[in-house]
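Containing PDB, C-alpha atoms and all ligand atoms: target_2.pdb.
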ATOM      1  CA  MET L 768     -15.945  20.753  -1.842  1.00  0.00           C
ATOM      2  CA  PHE L 769     -18.085  18.442  -3.928  1.00  0.00           C
ATOM      3  CA  ILE L 770     -17.150  14.771  -3.812  1.00  0.00           C
ATOM      4  CA  GLU L 771     -18.190  14.531  -7.445  1.00  0.00           C
ATOM      5  CA  SER L 772     -18.830  17.053 -10.153  1.00  0.00           C
ATOM      6  CA  ALA L 773     -22.295  18.441 -10.633  1.00  0.00           C
ATOM      7  CA  PRO L 774     -24.104  17.436 -13.811  1.00  0.00           C
ATOM      8  CA  GLY L 775     -23.563  19.842 -16.666  1.00  0.00           C
ATOM      9  CA  GLY L 776     -26.149  21.871 -18.550  1.00  0.00           C
ATOM     10  CA  THR L 777     -28.408  20.781 -21.341  1.00  0.00           C
ATOM     11  CA  VAL L 778     -25.583  19.585 -23.570  1.00  0.00           C
ATOM     12  CA  ARG L 779     -24.508  16.179 -22.392  1.00  0.00           C
ATOM     13  CA  SER L 780     -20.779  15.887 -21.987  1.00  0.00           C
ATOM     14  CA  GLY L 781     -19.014  12.647 -21.244  1.00  0.00           C
ATOM     15  CA  SER L 782     -16.457  12.197 -18.514  1.00  0.00           C
ATOM     16  CA  ILE L 783     -14.363   9.668 -16.630  1.00  0.00           C
ATOM     17  CA  GLU L 784     -14.410   9.412 -12.840  1.00  0.00           C
ATOM     18  CA  VAL L 785     -12.019   7.138 -10.959  1.00  0.00           C
ATOM     19  CA  ILE L 786     -12.693   5.848  -7.458  1.00  0.00           C
ATOM     20  CA  CYS L 787      -9.578   4.117  -6.170  1.00  0.00           C
ATOM     21  CA  GLY L 788      -7.877   3.031  -2.996  1.00  0.00           C
ATOM     22  CA  SER L 789      -6.918  -0.053  -1.031  1.00  0.00           C
ATOM     23  CA  MET L 790      -9.131  -2.931  -0.077  1.00  0.00           C
ATOM     24  CA  PHE L 791     -11.647  -2.170   2.664  1.00  0.00           C
ATOM     25  CA  SER L 792     -11.684   1.498   1.645  1.00  0.00           C
ATOM     26  CA  GLY L 793     -15.267   1.586   0.392  1.00  0.00           C
ATOM     27  CA  LYS L 794     -14.573   1.896  -3.355  1.00  0.00           C
ATOM     28  CA  THR L 795     -17.445  -0.304  -4.416  1.00  0.00           C
ATOM     29  CA  GLU L 796     -19.813   1.329  -1.942  1.00  0.00           C
ATOM     30  CA  GLU L 797     -18.952   4.715  -3.451  1.00  0.00           C
ATOM     31  CA  LEU L 798     -19.438   3.352  -6.986  1.00  0.00           C
ATOM     32  CA  ILE L 799     -22.828   1.949  -6.001  1.00  0.00           C
ATOM     33  CA  ARG L 800     -23.839   5.238  -4.375  1.00  0.00           C
ATOM     34  CA  ARG L 801     -23.097   7.195  -7.562  1.00  0.00           C
ATOM     35  CA  LEU L 802     -24.817   4.665  -9.790  1.00  0.00           C
ATOM     36  CA  LYS L 803     -27.925   4.533  -7.633  1.00  0.00           C
ATOM     37  CA  ARG L 804     -28.078   8.304  -7.595  1.00  0.00           C
ATOM     38  CA  ALA L 805     -28.002   8.330 -11.406  1.00  0.00           C
ATOM     39  CA  ASN L 806     -30.634   5.616 -11.421  1.00  0.00           C
ATOM     40  CA  TYR L 807     -32.960   7.747  -9.291  1.00  0.00           C
ATOM     41  CA  ALA L 808     -32.646  10.428 -11.979  1.00  0.00           C
ATOM     42  CA  ARG L 809     -33.865   7.843 -14.527  1.00  0.00           C
ATOM     43  CA  GLN L 810     -30.535   7.766 -16.282  1.00  0.00           C
ATOM     44  CA  LYS L 811     -29.714   4.480 -17.959  1.00  0.00           C
ATOM     45  CA  VAL L 812     -27.014   2.752 -15.979  1.00  0.00           C
ATOM     46  CA  GLU L 813     -24.969  -0.334 -16.849  1.00  0.00           C
ATOM     47  CA  ILE L 814     -22.283  -1.902 -14.719  1.00  0.00           C
ATOM     48  CA  PHE L 815     -19.475  -4.149 -15.886  1.00  0.00           C
ATOM     49  CA  LYS L 816     -16.780  -6.066 -14.113  1.00  0.00           C
ATOM     50  CA  PRO L 817     -14.082  -8.530 -15.191  1.00  0.00           C
ATOM     51  CA  THR L 818     -15.038 -12.184 -15.193  1.00  0.00           C
ATOM     52  CA  VAL L 819     -11.952 -12.917 -13.102  1.00  0.00           C
ATOM     53  CA  ASP L 820     -13.748 -11.422 -10.135  1.00  0.00           C
ATOM     54  CA  ASP L 821     -16.027 -14.323  -9.317  1.00  0.00           C
ATOM     55  CA  ARG L 822     -16.435 -13.861  -5.615  1.00  0.00           C
ATOM     56  CA  TYR L 823     -19.923 -13.866  -4.142  1.00  0.00           C
ATOM     57  CA  ASP L 824     -22.034 -13.529  -7.290  1.00  0.00           C
ATOM     58  CA  ALA L 825     -21.019 -13.429 -10.940  1.00  0.00           C
ATOM     59  CA  SER L 826     -23.855 -11.163 -12.028  1.00  0.00           C
ATOM     60  CA  LYS L 827     -23.757  -8.497  -9.343  1.00  0.00           C
ATOM     61  CA  VAL L 828     -21.431  -5.822  -8.149  1.00  0.00           C
ATOM     62  CA  VAL L 829     -21.300  -6.814  -4.530  1.00  0.00           C
ATOM     63  CA  SER L 830     -19.607  -4.810  -1.869  1.00  0.00           C
ATOM     64  CA  HIS L 831     -18.597  -6.262   1.445  1.00  0.00           C
ATOM     65  CA  ASP L 832     -21.625  -4.924   3.278  1.00  0.00           C
ATOM     66  CA  GLU L 833     -23.867  -6.677   0.764  1.00  0.00           C
ATOM     67  CA  ASN L 834     -25.108  -3.458  -0.759  1.00  0.00           C
ATOM     68  CA  THR L 835     -25.644  -4.877  -4.230  1.00  0.00           C
ATOM     69  CA  ILE L 836     -26.383  -3.712  -7.729  1.00  0.00           C
ATOM     70  CA  HIS L 837     -26.720  -5.843 -10.848  1.00  0.00           C
ATOM     71  CA  SER L 838     -23.758  -6.028 -13.221  1.00  0.00           C
ATOM     72  CA  THR L 839     -22.554  -7.817 -16.334  1.00  0.00           C
ATOM     73  CA  PRO L 840     -19.294  -9.792 -16.238  1.00  0.00           C
ATOM     74  CA  VAL L 841     -17.097  -9.275 -19.327  1.00  0.00           C
ATOM     75  CA  SER L 842     -13.837 -10.926 -20.377  1.00  0.00           C
ATOM     76  CA  THR L 843     -12.202  -7.895 -21.989  1.00  0.00           C
ATOM     77  CA  PRO L 844     -12.820  -4.137 -22.052  1.00  0.00           C
ATOM     78  CA  GLN L 845     -13.791  -4.415 -25.728  1.00  0.00           C
ATOM     79  CA  ASP L 846     -16.768  -6.549 -24.717  1.00  0.00           C
ATOM     80  CA  ILE L 847     -18.255  -3.469 -23.061  1.00  0.00           C
ATOM     81  CA  LEU L 848     -18.727  -1.580 -26.346  1.00  0.00           C
ATOM     82  CA  PRO L 849     -21.673  -3.506 -27.872  1.00  0.00           C
ATOM     83  CA  LEU L 850     -23.356  -3.582 -24.457  1.00  0.00           C
ATOM     84  CA  ALA L 851     -23.078   0.145 -23.809  1.00  0.00           C
ATOM     85  CA  ASN L 852     -25.376   1.487 -26.520  1.00  0.00           C
ATOM     86  CA  ASN L 853     -27.842   4.145 -25.393  1.00  0.00           C
ATOM     87  CA  ILE L 854     -26.403   4.136 -21.894  1.00  0.00           C
ATOM     88  CA  ASP L 855     -25.996   7.328 -19.864  1.00  0.00           C
ATOM     89  CA  VAL L 856     -23.719   6.063 -17.115  1.00  0.00           C
ATOM     90  CA  VAL L 857     -21.241   3.188 -17.405  1.00  0.00           C
ATOM     91  CA  GLY L 858     -19.932   1.766 -14.121  1.00  0.00           C
ATOM     92  CA  ILE L 859     -16.862  -0.485 -14.054  1.00  0.00           C
ATOM     93  CA  ASP L 860     -15.900  -2.320 -10.866  1.00  0.00           C
ATOM     94  CA  GLU L 861     -12.650  -4.149 -10.010  1.00  0.00           C
ATOM     95  CA  ALA L 862     -11.113  -2.344 -12.979  1.00  0.00           C
ATOM     96  CA  GLN L 863      -7.551  -3.211 -11.930  1.00  0.00           C
ATOM     97  CA  PHE L 864      -8.056  -6.711 -13.345  1.00  0.00           C
ATOM     98  CA  PHE L 865      -8.627  -5.412 -16.896  1.00  0.00           C
ATOM     99  CA  ASP L 866      -5.681  -4.785 -19.197  1.00  0.00           C
ATOM    100  CA  GLU L 867      -4.602  -1.316 -20.290  1.00  0.00           C
ATOM    101  CA  SER L 868      -6.973  -1.301 -23.257  1.00  0.00           C
ATOM    102  CA  LEU L 869      -9.559  -0.268 -20.676  1.00  0.00           C
ATOM    103  CA  VAL L 870      -8.109   3.250 -20.853  1.00  0.00           C
ATOM    104  CA  ASP L 871      -8.943   3.590 -24.558  1.00  0.00           C
ATOM    105  CA  ILE L 872     -12.370   2.031 -24.071  1.00  0.00           C
ATOM    106  CA  CYS L 873     -13.237   4.442 -21.245  1.00  0.00           C
ATOM    107  CA  ASN L 874     -12.056   7.408 -23.314  1.00  0.00           C
ATOM    108  CA  TYR L 875     -14.076   6.206 -26.303  1.00  0.00           C
ATOM    109  CA  LEU L 876     -17.238   5.931 -24.199  1.00  0.00           C
ATOM    110  CA  ALA L 877     -16.659   9.311 -22.546  1.00  0.00           C
ATOM    111  CA  ASN L 878     -16.022  10.927 -25.928  1.00  0.00           C
ATOM    112  CA  LYS L 879     -19.395   9.619 -27.041  1.00  0.00           C
ATOM    113  CA  GLY L 880     -20.985  11.522 -24.180  1.00  0.00           C
ATOM    114  CA  MET L 881     -21.222   8.873 -21.501  1.00  0.00           C
ATOM    115  CA  ARG L 882     -20.363   9.304 -17.857  1.00  0.00           C
ATOM    116  CA  VAL L 883     -17.880   6.546 -17.044  1.00  0.00           C
ATOM    117  CA  ILE L 884     -17.266   5.701 -13.379  1.00  0.00           C
ATOM    118  CA  VAL L 885     -14.389   3.331 -12.720  1.00  0.00           C
ATOM    119  CA  ALA L 886     -13.618   1.736  -9.341  1.00  0.00           C
ATOM    120  CA  GLY L 887     -10.471  -0.251  -8.662  1.00  0.00           C
ATOM    121  CA  LEU L 888      -7.422  -0.901  -6.524  1.00  0.00           C
ATOM    122  CA  ASP L 889      -4.738   1.697  -7.116  1.00  0.00           C
ATOM    123  CA  MET L 890      -1.922  -0.534  -5.806  1.00  0.00           C
ATOM    124  CA  ASP L 891      -1.271  -4.258  -5.752  1.00  0.00           C
ATOM    125  CA  TYR L 892      -0.211  -6.109  -2.598  1.00  0.00           C
ATOM    126  CA  LEU L 893       3.412  -5.049  -3.159  1.00  0.00           C
ATOM    127  CA  GLY L 894       2.464  -1.394  -3.293  1.00  0.00           C
ATOM    128  CA  LYS L 895       2.934  -1.107  -7.059  1.00  0.00           C
ATOM    129  CA  PRO L 896       0.466   0.774  -9.302  1.00  0.00           C
ATOM    130  CA  PHE L 897      -2.112  -1.737 -10.452  1.00  0.00           C
ATOM    131  CA  GLY L 898      -3.060  -2.461 -14.090  1.00  0.00           C
ATOM    132  CA  PRO L 899      -4.843   0.321 -16.019  1.00  0.00           C
ATOM    133  CA  ILE L 900      -5.739   2.377 -12.910  1.00  0.00           C
ATOM    134  CA  PRO L 901      -2.737   4.776 -13.021  1.00  0.00           C
ATOM    135  CA  LYS L 902      -3.404   5.760 -16.645  1.00  0.00           C
ATOM    136  CA  LEU L 903      -7.103   6.097 -15.967  1.00  0.00           C
ATOM    137  CA  MET L 904      -6.291   8.413 -13.060  1.00  0.00           C
ATOM    138  CA  ALA L 905      -4.218  10.525 -15.432  1.00  0.00           C
ATOM    139  CA  THR L 906      -6.923  10.839 -18.061  1.00  0.00           C
ATOM    140  CA  ALA L 907      -9.963  11.113 -15.779  1.00  0.00           C
ATOM    141  CA  GLU L 908     -11.812  14.350 -15.080  1.00  0.00           C
ATOM    142  CA  SER L 909     -12.173  13.352 -11.455  1.00  0.00           C
ATOM    143  CA  VAL L 910     -10.216  11.080  -9.111  1.00  0.00           C
ATOM    144  CA  THR L 911     -11.454  10.125  -5.664  1.00  0.00           C
ATOM    145  CA  LYS L 912      -9.020   8.275  -3.435  1.00  0.00           C
ATOM    146  CA  VAL L 913     -10.681   6.499  -0.581  1.00  0.00           C
ATOM    147  CA  HIS L 914      -8.865   4.932   2.359  1.00  0.00           C
ATOM    148  CA  ALA L 915      -9.199   2.126   4.844  1.00  0.00           C
ATOM    149  CA  ILE L 916      -8.067   2.068   8.469  1.00  0.00           C
ATOM    150  CA  CYS L 917      -4.780   0.364   9.387  1.00  0.00           C
ATOM    151  CA  VAL L 918      -5.413  -2.825  11.385  1.00  0.00           C
ATOM    152  CA  LYS L 919      -2.164  -2.385  13.296  1.00  0.00           C
ATOM    153  CA  CYS L 920      -2.211   1.248  14.378  1.00  0.00           C
ATOM    154  CA  GLY L 921      -5.510   2.849  13.365  1.00  0.00           C
ATOM    155  CA  ASN L 922      -4.026   5.412  10.979  1.00  0.00           C
ATOM    156  CA  ILE L 923      -5.306   5.965   7.454  1.00  0.00           C
ATOM    157  CA  ALA L 924      -4.414   2.884   5.386  1.00  0.00           C
ATOM    158  CA  ASN L 925      -3.549   2.885   1.694  1.00  0.00           C
ATOM    159  CA  HIS L 926      -1.984  -0.583   1.328  1.00  0.00           C
ATOM    160  CA  SER L 927      -3.647  -3.961   0.847  1.00  0.00           C
ATOM    161  CA  HIS L 928      -1.307  -6.359   2.599  1.00  0.00           C
ATOM    162  CA  ARG L 929      -1.681  -9.971   1.575  1.00  0.00           C
ATOM    163  CA  ILE L 930      -1.704 -12.336   4.508  1.00  0.00           C
ATOM    164  CA  SER L 931      -2.410 -15.486   2.490  1.00  0.00           C
ATOM    165  CA  VAL L 932       0.361 -17.452   0.774  1.00  0.00           C
ATOM    166  CA  GLU L 933      -0.676 -17.203  -2.897  1.00  0.00           C
ATOM    167  CA  ASP L 934       1.930 -15.439  -4.972  1.00  0.00           C
ATOM    168  CA  THR L 935       0.004 -14.598  -8.134  1.00  0.00           C
ATOM    169  CA  LEU L 936      -1.041 -11.005  -8.658  1.00  0.00           C
ATOM    170  CA  VAL L 937      -4.614 -11.804  -9.528  1.00  0.00           C
ATOM    171  CA  VAL L 938      -5.937 -13.239  -6.340  1.00  0.00           C
ATOM    172  CA  VAL L 939      -9.379 -11.894  -5.765  1.00  0.00           C
ATOM    173  CA  GLY L 940      -9.382 -10.428  -2.333  1.00  0.00           C
ATOM    174  CA  GLU L 941     -11.495 -11.449   0.542  1.00  0.00           C
ATOM    175  CA  SER L 942     -11.218 -10.313   4.087  1.00  0.00           C
ATOM    176  CA  GLN L 943      -9.284 -13.354   5.252  1.00  0.00           C
ATOM    177  CA  SER L 944      -6.607 -12.902   2.555  1.00  0.00           C
ATOM    178  CA  TYR L 945      -5.739  -9.236   3.039  1.00  0.00           C
ATOM    179  CA  GLU L 946      -5.462  -6.574   5.681  1.00  0.00           C
ATOM    180  CA  PRO L 947      -5.308  -2.793   5.317  1.00  0.00           C
ATOM    181  CA  LEU L 948      -2.055  -1.195   6.453  1.00  0.00           C
ATOM    182  CA  CYS L 949      -0.807   2.386   6.614  1.00  0.00           C
ATOM    183  CA  ARG L 950       2.428   3.461   4.945  1.00  0.00           C
ATOM    184  CA  SER L 951       4.410   3.105   8.167  1.00  0.00           C
ATOM    185  CA  CYS L 952       3.195  -0.391   9.076  1.00  0.00           C
ATOM    186  CA  PHE L 953       3.496  -1.572   5.466  1.00  0.00           C
ATOM    187  CA  SER L 954       7.077  -0.312   5.225  1.00  0.00           C
ATOM    188  CA  GLU L 955       8.028  -2.340   8.286  1.00  0.00           C
ATOM    189  CA  LEU L 956       7.133  -5.474   6.305  1.00  0.00           C
ATOM    190  CA  PHE L 957       8.437  -4.180   2.975  1.00  0.00           C
ATOM    191  CA  PRO L 958      11.367  -1.885   3.747  1.00  0.00           C
ATOM    192  CA  PRO L 959      11.504   1.134   1.426  1.00  0.00           C
ATOM    193  CA  LEU L 960      13.425   0.864  -1.816  1.00  0.00           C
ATOM    194  CA  GLU L 961      17.136   1.276  -1.595  1.00  0.00           C
ATOM    195  CA  VAL L 962      17.761   3.750  -4.329  1.00  0.00           C
ATOM    196  CA  ARG L 963      21.045   2.555  -5.665  1.00  0.00           C
ATOM    197  CA  GLU L 964      22.300   3.073  -9.141  1.00  0.00           C
ATOM    198  CA  GLY L 965      21.840   0.057 -11.367  1.00  0.00           C
ATOM    199  CA  LYS L 966      20.232  -2.081  -8.719  1.00  0.00           C
ATOM    200  CA  SER L 967      16.606  -3.050  -8.647  1.00  0.00           C
ATOM    201  CA  ASP L 968      15.337  -4.369  -5.404  1.00  0.00           C
ATOM    202  CA  LYS L 969      12.449  -6.229  -7.010  1.00  0.00           C
ATOM    203  CA  ASP L 970      14.027  -9.568  -6.170  1.00  0.00           C
ATOM    204  CA  LYS L 971      14.735  -8.439  -2.667  1.00  0.00           C
ATOM    205  CA  ARG L 972      11.157  -7.358  -2.294  1.00  0.00           C
ATOM    206  CA  GLU L 973       9.975 -10.802  -3.312  1.00  0.00           C
ATOM    207  CA  LEU L 974      12.268 -12.356  -0.725  1.00  0.00           C
ATOM    208  CA  LEU L 975      11.040 -10.018   1.937  1.00  0.00           C
ATOM    209  CA  ARG L 976       7.453 -10.816   1.276  1.00  0.00           C
ATOM    210  CA  ARG L 977       5.660 -11.651   4.426  1.00  0.00           C
ATOM    211  CA  PRO L 978       7.331 -13.682   7.143  1.00  0.00           C
ATOM    212  CA  GLU L 979       5.616 -17.053   7.424  1.00  0.00           C
TER     213      GLU L 979
HETATM  214 ZN    ZN B1001      -0.386   1.439  10.663  1.00  0.00          ZN
END

For the structure just supplied, provide its representation as structure tokens.
Amino acid sequence: MFIESAPGGTVRSGSIEVICGSMFSGKTEELIRRLKRANYARQKVEIFKPTVDDRYDASKVVSHDENTIHSTPVSTPQDILPLANNIDVVGIDEAQFFDESLVDICNYLANKGMRVIVAGLDMDYLGKPFGPIPKLMATAESVTKVHAICVKCGNIANHSHRISVEDTLVVVGESQSYEPLCRSCFSELFPPLEVREGKSDKDKRELLRRPE
């Protein structure tokens, strides 16, 4: 099995690839690997990320192991369009922080023949699908889900559990604020939904959030 599709023939065809998963799963490392590989082939590569992600360095895509590649911070997905002329490969990191217009922008770029590679969290800290990622997964040619390792039991982890006290959704993650948990360990902290007619357990979920 190929982890990514092989380049096509002589006719350039655009596409969307999504790399998603929890924190500490290696999403950005995988994005950087694909972009560097395209760079070696002398393809023109540009990387964008939302300005909200200001950790470490505003002008670089920086993964936690400090494997870096230069990027351009943008406020909205629309800002990518004038910057993506004559580009072969468009990389987008931390895509969960963009709004859903990112889906249309990625499709527009892919329809123009560009290879668009999007990396982002698939779920927020409550285990809910995050921002534009679910729709991008639906429209992408290729989806790669990467995983972390659960800090409690060592199984495959797909949740980013927040261990800091902030309660806004857009808290840019750093290692001291989150920990990767598997489904089983996460569900001990956030018991599974009670599927009961007419009752949402959203409020209950909020109340159950993390024992202090
Ligand atoms: Zn676990």

Query raised in the report: the PyMOL selection byres (((chain L and resi 784) around 10) and not hetatm) on the file shown: which residues, as number ranges by chain?
Result: L: 771-772, 782-783, 785-787, 798, 858, 873, 877, 882-886, 903-904, 906-911

Query raised in the report: Which value, in Å to one decimal, gives the distance between CA of Leu893 in chain L and atom ZN of ligand ZN 1001 (chain B)?
Result: 15.7 Å

Report task. Just give me the gap between CA of Ile854 in chain L and CA of Val812 in chain L in Å, one decimal is fine. Result ->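 CA of Val812 in chain L lies 6.1 Å from CA of Ile854 in chain L.
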
Query - 12 Å shell around ligand ZN 1001 (chain B) using only C-alpha atoms and all ligand atoms, listed as a PyMOL selection string - result: chain L and resi 915-928+946-956

Query - Of the listed residues L:Ser842, L:Ser931, L:Gln810, L:Asn878, that which approaches Ala862 in chain L most closely, counting only C-alpha atoms - result: L:Ser842
